[in-house]
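Colleague: So that you have it, the file is query-v6.cif, and it contains mmCIF, C-alpha atoms:
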data_start
#
loop_
_atom_site.label_atom_id
_atom_site.label_comp_id
_atom_site.auth_asym_id
_atom_site.auth_seq_id
_atom_site.Cartn_x
_atom_site.Cartn_y
_atom_site.Cartn_z
CA GLY A 1012 -31.48 8.21 -72.67
CA GLN A 1013 -34.11 9.50 -75.01
CA GLN A 1014 -37.47 10.41 -73.56
CA LEU A 1015 -40.83 11.19 -75.01
CA ASN A 1016 -42.94 13.79 -73.28
CA GLN A 1017 -46.58 12.85 -73.67
CA SER A 1018 -49.38 15.18 -72.64
CA PRO A 1019 -51.78 15.45 -71.09
CA GLN A 1020 -51.25 12.72 -68.50
CA SER A 1021 -55.01 12.28 -68.15
CA MET A 1022 -58.22 13.63 -69.62
CA PHE A 1023 -61.81 13.56 -68.42
CA ILE A 1024 -64.25 14.39 -71.20
CA GLN A 1025 -67.92 14.16 -72.06
CA GLU A 1026 -69.10 11.66 -74.65
CA GLY A 1027 -69.21 13.33 -78.05
CA GLU A 1028 -66.31 15.69 -77.41
CA ASP A 1029 -63.15 15.71 -79.49
CA VAL A 1030 -59.82 14.76 -77.90
CA SER A 1031 -56.28 15.88 -78.64
CA MET A 1032 -53.04 14.58 -77.22
CA ASN A 1033 -49.43 14.96 -78.25
CA CYS A 1034 -45.95 13.66 -77.86
CA THR A 1035 -42.71 15.62 -78.10
CA SER A 1036 -39.05 14.75 -78.07
CA SER A 1037 -35.73 16.54 -78.09
CA SER A 1038 -34.53 14.07 -80.74
CA ILE A 1039 -35.64 13.21 -84.24
CA PHE A 1040 -37.58 10.03 -84.92
CA ASN A 1041 -38.09 8.30 -88.25
CA THR A 1042 -41.38 6.69 -87.26
CA TRP A 1043 -44.13 7.60 -84.85
CA LEU A 1044 -46.72 5.12 -83.61
CA TRP A 1045 -49.80 5.41 -81.46
CA TYR A 1046 -51.09 2.55 -79.29
CA LYS A 1047 -54.12 2.11 -77.06
CA GLN A 1048 -54.12 -0.10 -73.98
CA ASP A 1049 -57.28 -1.33 -72.27
CA PRO A 1050 -57.18 -2.50 -68.65
CA GLY A 1051 -55.68 -5.96 -68.33
CA GLU A 1052 -54.59 -6.07 -71.96
CA GLY A 1053 -51.53 -5.30 -74.02
CA PRO A 1054 -51.18 -2.19 -76.20
CA VAL A 1055 -52.92 -2.32 -79.58
CA LEU A 1056 -51.40 -0.50 -82.54
CA LEU A 1057 -53.72 2.26 -83.80
CA ILE A 1058 -51.72 4.25 -86.32
CA ALA A 1059 -48.16 4.23 -87.70
CA LEU A 1060 -46.61 7.31 -89.34
CA TYR A 1061 -43.53 7.20 -91.54
CA LYS A 1062 -43.05 10.64 -93.11
CA ALA A 1063 -42.70 14.11 -91.68
CA GLY A 1064 -45.97 15.96 -92.18
CA GLU A 1065 -47.92 12.76 -92.79
CA LEU A 1066 -51.54 12.79 -91.67
CA THR A 1067 -53.21 9.38 -91.27
CA SER A 1068 -56.69 8.41 -90.15
CA ASN A 1069 -58.14 5.25 -88.68
CA GLY A 1070 -61.88 5.73 -88.28
CA ARG A 1071 -62.42 8.56 -85.81
CA LEU A 1072 -58.72 8.70 -85.02
CA THR A 1073 -56.31 10.99 -86.85
CA ALA A 1074 -52.58 11.21 -86.19
CA GLN A 1075 -49.91 13.47 -87.60
CA PHE A 1076 -46.15 13.19 -87.87
CA GLY A 1077 -44.76 16.61 -87.00
CA ILE A 1078 -42.76 18.53 -89.60
CA THR A 1079 -39.76 18.79 -87.29
CA ARG A 1080 -39.87 14.99 -86.76
CA LYS A 1081 -39.73 15.67 -83.04
CA ASP A 1082 -43.44 15.48 -82.32
CA SER A 1083 -46.70 13.75 -83.13
CA PHE A 1084 -50.35 14.37 -82.42
CA LEU A 1085 -53.39 12.14 -82.01
CA ASN A 1086 -56.94 13.40 -82.31
CA ILE A 1087 -60.11 11.47 -81.55
CA SER A 1088 -63.33 12.91 -82.88
CA ALA A 1089 -66.78 12.46 -81.31
CA SER A 1090 -65.55 10.33 -78.42
CA ILE A 1091 -67.57 7.33 -77.23
CA PRO A 1092 -67.36 5.34 -73.96
CA SER A 1093 -65.25 2.58 -75.54
CA ASP A 1094 -62.51 5.11 -76.25
CA VAL A 1095 -61.62 4.85 -72.56
CA GLY A 1096 -58.10 3.57 -72.02
CA ILE A 1097 -54.48 4.64 -72.02
CA TYR A 1098 -52.99 5.98 -75.23
CA PHE A 1099 -49.25 5.66 -75.79
CA CYS A 1100 -47.05 7.30 -78.35
CA ALA A 1101 -43.89 5.56 -79.45
CA GLY A 1102 -41.00 6.67 -81.61
CA HIS A 1103 -38.52 4.69 -83.63
CA ARG A 1104 -35.12 6.13 -84.48
CA GLY A 1105 -34.46 3.78 -87.36
CA GLY A 1106 -31.40 1.59 -87.66
CA SER A 1107 -31.22 -1.39 -85.31
CA GLN A 1108 -34.45 -3.16 -84.72
CA GLY A 1109 -36.51 -3.04 -81.57
CA ASN A 1110 -35.59 0.35 -80.14
CA LEU A 1111 -39.08 1.77 -79.76
CA ILE A 1112 -39.17 4.60 -77.21
CA PHE A 1113 -42.54 4.94 -75.44
CA GLY A 1114 -44.25 7.87 -73.78
CA LYS A 1115 -45.80 7.50 -70.33
CA GLY A 1116 -49.30 7.50 -71.74
CA THR A 1117 -52.47 9.61 -71.68
CA LYS A 1118 -55.31 8.15 -69.64
CA LEU A 1119 -58.65 8.96 -71.23
CA SER A 1120 -61.92 8.83 -69.33
CA VAL A 1121 -65.23 9.42 -71.12
CA LYS A 1122 -68.39 10.31 -69.26
CA PRO A 1123 -71.56 9.07 -70.98
CA GLU B 1480 -57.28 -10.23 -81.26
CA THR B 1481 -53.60 -9.54 -81.77
CA GLY B 1482 -52.32 -13.01 -82.60
CA VAL B 1483 -49.86 -12.92 -79.71
CA THR B 1484 -50.71 -15.05 -76.69
CA GLN B 1485 -49.04 -15.12 -73.28
CA THR B 1486 -49.29 -17.56 -70.40
CA PRO B 1487 -49.87 -17.41 -67.58
CA ARG B 1488 -51.91 -14.21 -67.41
CA HIS B 1489 -51.25 -13.86 -63.68
CA LEU B 1490 -48.36 -15.18 -61.60
CA VAL B 1491 -47.54 -14.83 -57.92
CA MET B 1492 -44.15 -16.11 -56.83
CA GLY B 1493 -41.79 -15.96 -53.91
CA MET B 1494 -38.29 -14.58 -54.19
CA THR B 1495 -36.73 -18.05 -54.18
CA ASN B 1496 -39.00 -19.55 -56.82
CA LYS B 1497 -38.16 -20.34 -60.42
CA LYS B 1498 -40.87 -19.75 -62.99
CA SER B 1499 -41.17 -19.15 -66.72
CA LEU B 1500 -43.35 -16.88 -68.83
CA LYS B 1501 -44.38 -18.08 -72.26
CA CYS B 1502 -45.24 -16.14 -75.39
CA GLU B 1503 -46.46 -17.47 -78.72
CA GLN B 1504 -47.12 -15.48 -81.85
CA HIS B 1505 -49.37 -16.70 -84.65
CA LEU B 1506 -48.60 -13.90 -87.09
CA GLY B 1507 -45.65 -15.40 -88.96
CA HIS B 1508 -43.33 -12.70 -87.63
CA ASN B 1509 -39.57 -13.14 -87.29
CA ALA B 1510 -38.79 -10.83 -84.36
CA MET B 1511 -39.99 -11.05 -80.76
CA TYR B 1512 -39.59 -8.79 -77.75
CA TRP B 1513 -39.98 -8.73 -73.97
CA TYR B 1514 -41.07 -5.50 -72.29
CA LYS B 1515 -41.62 -4.59 -68.65
CA GLN B 1516 -44.48 -2.23 -67.80
CA SER B 1517 -44.47 -0.68 -64.33
CA ALA B 1518 -46.94 1.82 -62.98
CA LYS B 1519 -46.30 5.41 -64.08
CA LYS B 1520 -43.25 4.47 -66.14
CA PRO B 1521 -42.83 4.07 -69.89
CA LEU B 1522 -42.62 0.58 -71.33
CA GLU B 1523 -39.08 -0.71 -70.90
CA LEU B 1524 -37.58 -2.91 -73.59
CA MET B 1525 -35.84 -5.91 -72.03
CA PHE B 1526 -34.87 -8.25 -74.85
CA VAL B 1527 -35.08 -8.45 -78.62
CA TYR B 1528 -34.81 -11.61 -80.70
CA SER B 1529 -34.53 -11.48 -84.48
CA LEU B 1530 -34.54 -14.73 -86.43
CA GLU B 1531 -34.18 -16.53 -83.07
CA GLU B 1532 -30.95 -14.73 -82.17
CA ARG B 1533 -30.75 -12.22 -79.36
CA VAL B 1534 -29.85 -8.85 -80.83
CA GLU B 1535 -30.45 -6.52 -77.94
CA ASN B 1536 -30.34 -6.78 -74.17
CA ASN B 1537 -30.97 -3.51 -72.41
CA SER B 1538 -28.85 -4.22 -69.34
CA VAL B 1539 -31.41 -6.48 -67.75
CA PRO B 1540 -30.41 -8.25 -64.51
CA SER B 1541 -29.32 -11.85 -64.93
CA ARG B 1542 -32.24 -13.07 -62.82
CA PHE B 1543 -34.22 -12.66 -66.07
CA SER B 1544 -33.17 -15.15 -68.74
CA PRO B 1545 -34.84 -15.20 -72.18
CA GLU B 1546 -35.08 -18.14 -74.53
CA CYS B 1547 -36.27 -18.18 -78.13
CA PRO B 1548 -36.36 -21.78 -79.46
CA ASN B 1549 -38.03 -20.78 -82.74
CA SER B 1550 -39.57 -17.74 -84.39
CA SER B 1551 -43.00 -18.41 -82.89
CA HIS B 1552 -42.10 -18.94 -79.25
CA LEU B 1553 -40.40 -16.83 -76.62
CA PHE B 1554 -39.81 -17.58 -72.96
CA LEU B 1555 -38.70 -15.50 -70.01
CA HIS B 1556 -37.19 -17.59 -67.23
CA LEU B 1557 -37.38 -16.01 -63.80
CA HIS B 1558 -35.12 -16.84 -60.87
CA THR B 1559 -34.55 -15.21 -57.49
CA LEU B 1560 -36.66 -12.17 -58.28
CA GLN B 1561 -37.11 -9.11 -56.09
CA PRO B 1562 -40.39 -7.42 -55.09
CA GLU B 1563 -39.52 -4.47 -57.36
CA ASP B 1564 -39.70 -6.88 -60.30
CA SER B 1565 -43.47 -6.99 -59.86
CA ALA B 1566 -44.94 -5.59 -63.07
CA LEU B 1567 -46.81 -6.43 -66.25
CA TYR B 1568 -44.53 -8.31 -68.64
CA LEU B 1569 -45.47 -7.87 -72.25
CA CYS B 1570 -44.39 -9.86 -75.26
CA ALA B 1571 -44.48 -8.38 -78.75
CA SER B 1572 -43.63 -9.47 -82.27
CA SER B 1573 -42.94 -7.81 -85.59
CA GLN B 1574 -41.90 -8.65 -89.12
CA GLU B 1575 -38.66 -7.54 -90.77
CA PRO B 1576 -38.11 -4.96 -92.07
CA VAL B 1577 -40.91 -3.23 -90.16
CA TYR B 1578 -39.53 -3.79 -86.68
CA ASN B 1579 -41.26 -0.69 -85.44
CA GLU B 1580 -44.82 -2.03 -85.98
CA GLN B 1581 -44.87 -4.27 -82.96
CA PHE B 1582 -47.92 -6.29 -81.97
CA PHE B 1583 -48.35 -7.00 -78.27
CA GLY B 1584 -49.75 -9.87 -76.28
CA PRO B 1585 -52.05 -9.34 -73.27
CA GLY B 1586 -49.20 -9.57 -70.78
CA THR B 1587 -48.45 -11.53 -67.63
CA ARG B 1588 -49.16 -9.72 -64.37
CA LEU B 1589 -46.32 -10.78 -62.08
CA THR B 1590 -46.31 -10.29 -58.33
CA VAL B 1591 -43.18 -11.12 -56.36
CA LEU B 1592 -43.72 -11.58 -52.64
#
Starting from the coordinates I provided, produce the structure as structure tokens.
Modeller:
Amino acid sequence: GQQLNQSPQSMFIQEGEDVSMNCTSSSIFNTWLWYKQDPGEGPVLLIALYKAGELTSNGRLTAQFGITRKDSFLNISASIPSDVGIYFCAGHRGGSQGNLIFGKGTKLSVKP
Amino acid sequence: ETGVTQTPRHLVMGMTNKKSLKCEQHLGHNAMYWYKQSAKKPLELMFVYSLEERVENNSVPSRFSPECPNSSHLFLHLHTLQPEDSALYLCASSQEPVYNEQFFGPGTRLTVL
């Protein structure tokens, strides 16, 4: 089946640093989404991208839909301790509902 | 505050028990989903309901039985589970036609002894 390769698997950064993570696939997706999951909670939708090349921001978060439609990037600027969590990318192929494909996640740790 | 609630939040059960997980969404959505989240694995889609009809079942064992009595409620009935079924079970909902923007509940942490 389709897989998303999400990297890095984990990151340890200092508060104030910028963060970059990405997701790649061998297949084309029509939509890319980025979620954040805090311990003991469900994933929360951060950003949804619908067009190749689209760049969308949500506060300090910026995500891009790759031109090839096979990748997406998430950047976090000026990280703060509450950014800690696991970030998941997800792709949707279009067509029948529900078939979101998820990456394995990037675990972010922020040192104050 | 996602508008999707799940109960119970934690459940420990033996392999011969029967239990049910409940999900309720307060967002007015018309599609609901069950996912399984295991350590170091991507979220796995189990079931999809659209307008209260099951539209997708990703080859889930029959010991998991979903029920969707209306567009706001979703159940997952559990029977004769195995220890490898221990995981976080997440419910999500979305609104047609934007099935890809799914909103998740907090999950039920299930442990099968």
Colleague: Atom CA of Asn1549 of chain B and atom CA of Leu1530 of chain B are how many Å apart?
Modeller: 7.9 Å
Colleague: Which one is closest to Gly1114 of chain A: A:Trp1045, A:Ile1039, A:Arg1080, A:Gln1025? Count only C-alpha atoms.
Modeller: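 Among A:Trp1045, A:Ile1039, A:Arg1080, A:Gln1025, it is A:Trp1045 that comes nearest to Gly1114 of chain A.
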Colleague: With 9 Å as the cut-off and all atoms listed in the file counted, what is the closest atom pair between each nearby residue of chain B and chain A? Distances in Å to one decimal, ordered by chain and number, as a tab-separated table.
Modeller:
residue	atom	partner	partner_atom	distance
B:Thr1481	CA	A:Val1055	CA	7.6
B:Ala1510	CA	A:Gly1109	CA	8.6
B:Met1511	CA	A:Gly1109	CA	8.8
B:Tyr1512	CA	A:Gly1109	CA	7.6
B:Lys1519	CA	A:Lys1115	CA	6.6
B:Lys1520	CA	A:Lys1115	CA	5.8
B:Pro1521	CA	A:Lys1115	CA	4.6
B:Leu1522	CA	A:Phe1113	CA	6.0
B:Glu1523	CA	A:Phe1113	CA	8.0
B:Leu1524	CA	A:Asn1110	CA	7.6
B:Phe1526	CA	A:Gly1109	CA	8.7
B:Val1527	CA	A:Gly1109	CA	6.3
B:Tyr1528	CA	A:Gly1109	CA	8.8
B:Ser1529	CA	A:Gln1108	CA	8.3
B:Val1534	CA	A:Gln1108	CA	8.3
B:Glu1535	CA	A:Gly1109	CA	7.9
B:Leu1569	CA	A:Gly1053	CA	6.8
B:Cys1570	CA	A:Gly1053	CA	8.6
B:Ser1573	CA	A:Gly1109	CA	9.0
B:Glu1575	CA	A:Gln1108	CA	8.6
B:Pro1576	CA	A:Gln1108	CA	8.4
B:Val1577	CA	A:Gln1108	CA	8.4
B:Tyr1578	CA	A:Gln1108	CA	5.5
B:Asn1579	CA	A:His1103	CA	6.3
B:Glu1580	CA	A:Ala1059	CA	7.3
B:Gln1581	CA	A:Leu1056	CA	7.6
B:Phe1582	CA	A:Leu1056	CA	6.8
B:Phe1583	CA	A:Gly1053	CA	5.6
B:Gly1584	CA	A:Gly1053	CA	5.4
B:Pro1585	CA	A:Gly1053	CA	4.1
B:Gly1586	CA	A:Gly1053	CA	5.8
B:Arg1588	CA	A:Gly1051	CA	8.5
Colleague: List as a PDB file with C-alpha atoms, in the frame of the given file the protein and nucleic acid residues near Ile1087 of chain A, meaning an atom at most 8 Å away when only C-alpha atoms are counted, but skip any in the same chain fewer than 4 places from it.
Modeller:
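Written out: result-v3.pdb:
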ATOM      1  CA  ASP A1029     -63.150  15.710 -79.490  1.00  0.00           C
ATOM      2  CA  VAL A1030     -59.820  14.760 -77.900  1.00  0.00           C
ATOM      3  CA  SER A1031     -56.280  15.880 -78.640  1.00  0.00           C
ATOM      4  CA  ARG A1071     -62.420   8.560 -85.810  1.00  0.00           C
ATOM      5  CA  LEU A1072     -58.720   8.700 -85.020  1.00  0.00           C
ATOM      6  CA  THR A1073     -56.310  10.990 -86.850  1.00  0.00           C
TER       7      THR A1073
END
Colleague: Which residues fall under the PyMOL selection byres ((chain A and resi 1021) around 12) in this file, as a list in words?
Modeller: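 Applied to this file, the PyMOL selection byres ((chain A and resi 1021) around 12) returns Gln1017, Ser1018, Pro1019, Gln1020, Met1022, Phe1023, Ile1024, Val1030, Ser1031, Met1032, Asn1033, Val1095, Gly1096, Ile1097, Tyr1098, Phe1099, Lys1115, Gly1116, Thr1117, Lys1118, Leu1119, Ser1120 and Val1121 of chain A; Lys1519 of chain B.
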Colleague: Can I get a file of segment 1033-1066 of chain A from the given structure, N, CA and C atoms kept, as a compact mmCIF listing (two decimals), in the first residue's frame?
Modeller:
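Output file selection_32.txt is given in full below:
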# COMPACT_ATOMS: atom_id res chain seq x y z
N ASN A 1033 9.52 17.18 6.92
CA ASN A 1033 8.92 16.97 5.61
C ASN A 1033 8.35 15.57 5.47
N CYS A 1034 7.58 15.44 4.43
CA CYS A 1034 6.91 14.19 4.14
C CYS A 1034 7.01 13.93 2.65
N THR A 1035 7.38 12.72 2.27
CA THR A 1035 7.48 12.41 0.84
C THR A 1035 6.75 11.11 0.53
N SER A 1036 6.35 10.99 -0.72
CA SER A 1036 5.63 9.81 -1.16
C SER A 1036 6.04 9.46 -2.57
N SER A 1037 5.87 8.20 -2.93
CA SER A 1037 6.13 7.80 -4.31
C SER A 1037 4.91 8.04 -5.18
N SER A 1038 3.78 8.40 -4.55
CA SER A 1038 2.54 8.63 -5.29
C SER A 1038 2.09 10.07 -5.13
N ILE A 1039 1.22 10.48 -6.02
CA ILE A 1039 0.67 11.83 -5.99
C ILE A 1039 -0.50 11.90 -5.03
N PHE A 1040 -0.58 12.99 -4.30
CA PHE A 1040 -1.73 13.26 -3.45
C PHE A 1040 -2.41 14.55 -3.88
N ASN A 1041 -3.70 14.63 -3.68
CA ASN A 1041 -4.46 15.83 -4.02
C ASN A 1041 -4.55 16.81 -2.86
N THR A 1042 -4.35 16.30 -1.66
CA THR A 1042 -4.41 17.14 -0.46
C THR A 1042 -3.33 16.68 0.50
N TRP A 1043 -2.71 17.65 1.15
CA TRP A 1043 -1.77 17.34 2.23
C TRP A 1043 -2.27 18.02 3.50
N LEU A 1044 -2.16 17.33 4.62
CA LEU A 1044 -2.57 17.90 5.89
C LEU A 1044 -1.47 17.67 6.92
N TRP A 1045 -1.41 18.58 7.86
CA TRP A 1045 -0.47 18.44 8.97
C TRP A 1045 -1.25 18.48 10.29
N TYR A 1046 -0.96 17.51 11.16
CA TYR A 1046 -1.60 17.39 12.46
C TYR A 1046 -0.53 17.44 13.55
N LYS A 1047 -0.96 17.86 14.74
CA LYS A 1047 -0.11 17.76 15.93
C LYS A 1047 -0.86 16.95 16.99
N GLN A 1048 -0.11 16.05 17.65
CA GLN A 1048 -0.70 15.25 18.71
C GLN A 1048 0.06 15.46 20.01
N ASP A 1049 -0.64 15.89 21.05
CA ASP A 1049 -0.06 16.00 22.38
C ASP A 1049 -0.26 14.69 23.11
N PRO A 1050 0.58 14.42 24.11
CA PRO A 1050 0.44 13.15 24.86
C PRO A 1050 -0.96 12.98 25.44
N GLY A 1051 -1.53 11.80 25.22
CA GLY A 1051 -2.84 11.51 25.78
C GLY A 1051 -4.00 12.15 25.05
N GLU A 1052 -3.74 12.74 23.90
CA GLU A 1052 -4.80 13.40 23.14
C GLU A 1052 -4.83 12.90 21.71
N GLY A 1053 -5.88 13.26 20.99
CA GLY A 1053 -5.95 12.93 19.59
C GLY A 1053 -5.25 13.98 18.75
N PRO A 1054 -4.96 13.67 17.49
CA PRO A 1054 -4.32 14.64 16.60
C PRO A 1054 -5.23 15.86 16.37
N VAL A 1055 -4.60 17.02 16.28
CA VAL A 1055 -5.32 18.27 16.01
C VAL A 1055 -4.86 18.80 14.66
N LEU A 1056 -5.81 19.12 13.80
CA LEU A 1056 -5.48 19.61 12.47
C LEU A 1056 -4.85 21.00 12.57
N LEU A 1057 -3.67 21.14 11.94
CA LEU A 1057 -2.95 22.42 11.94
C LEU A 1057 -3.17 23.17 10.63
N ILE A 1058 -2.89 22.50 9.54
CA ILE A 1058 -2.93 23.14 8.22
C ILE A 1058 -3.37 22.12 7.19
N ALA A 1059 -4.21 22.57 6.23
CA ALA A 1059 -4.61 21.75 5.10
C ALA A 1059 -4.20 22.46 3.82
N LEU A 1060 -3.66 21.70 2.88
CA LEU A 1060 -3.15 22.25 1.61
C LEU A 1060 -3.84 21.55 0.47
N TYR A 1061 -4.29 22.33 -0.53
CA TYR A 1061 -5.11 21.76 -1.59
C TYR A 1061 -4.56 21.93 -3.00
N LYS A 1062 -3.52 22.75 -3.15
CA LYS A 1062 -2.99 22.99 -4.50
C LYS A 1062 -1.49 22.84 -4.51
N ALA A 1063 -0.97 22.24 -5.57
CA ALA A 1063 0.47 22.12 -5.72
C ALA A 1063 1.10 23.51 -5.69
N GLY A 1064 2.16 23.63 -4.88
CA GLY A 1064 2.84 24.91 -4.74
C GLY A 1064 2.26 25.82 -3.67
N GLU A 1065 1.11 25.44 -3.13
CA GLU A 1065 0.45 26.29 -2.14
C GLU A 1065 1.29 26.42 -0.88
N LEU A 1066 1.34 27.62 -0.35
CA LEU A 1066 2.06 27.92 0.88
C LEU A 1066 1.05 28.53 1.84
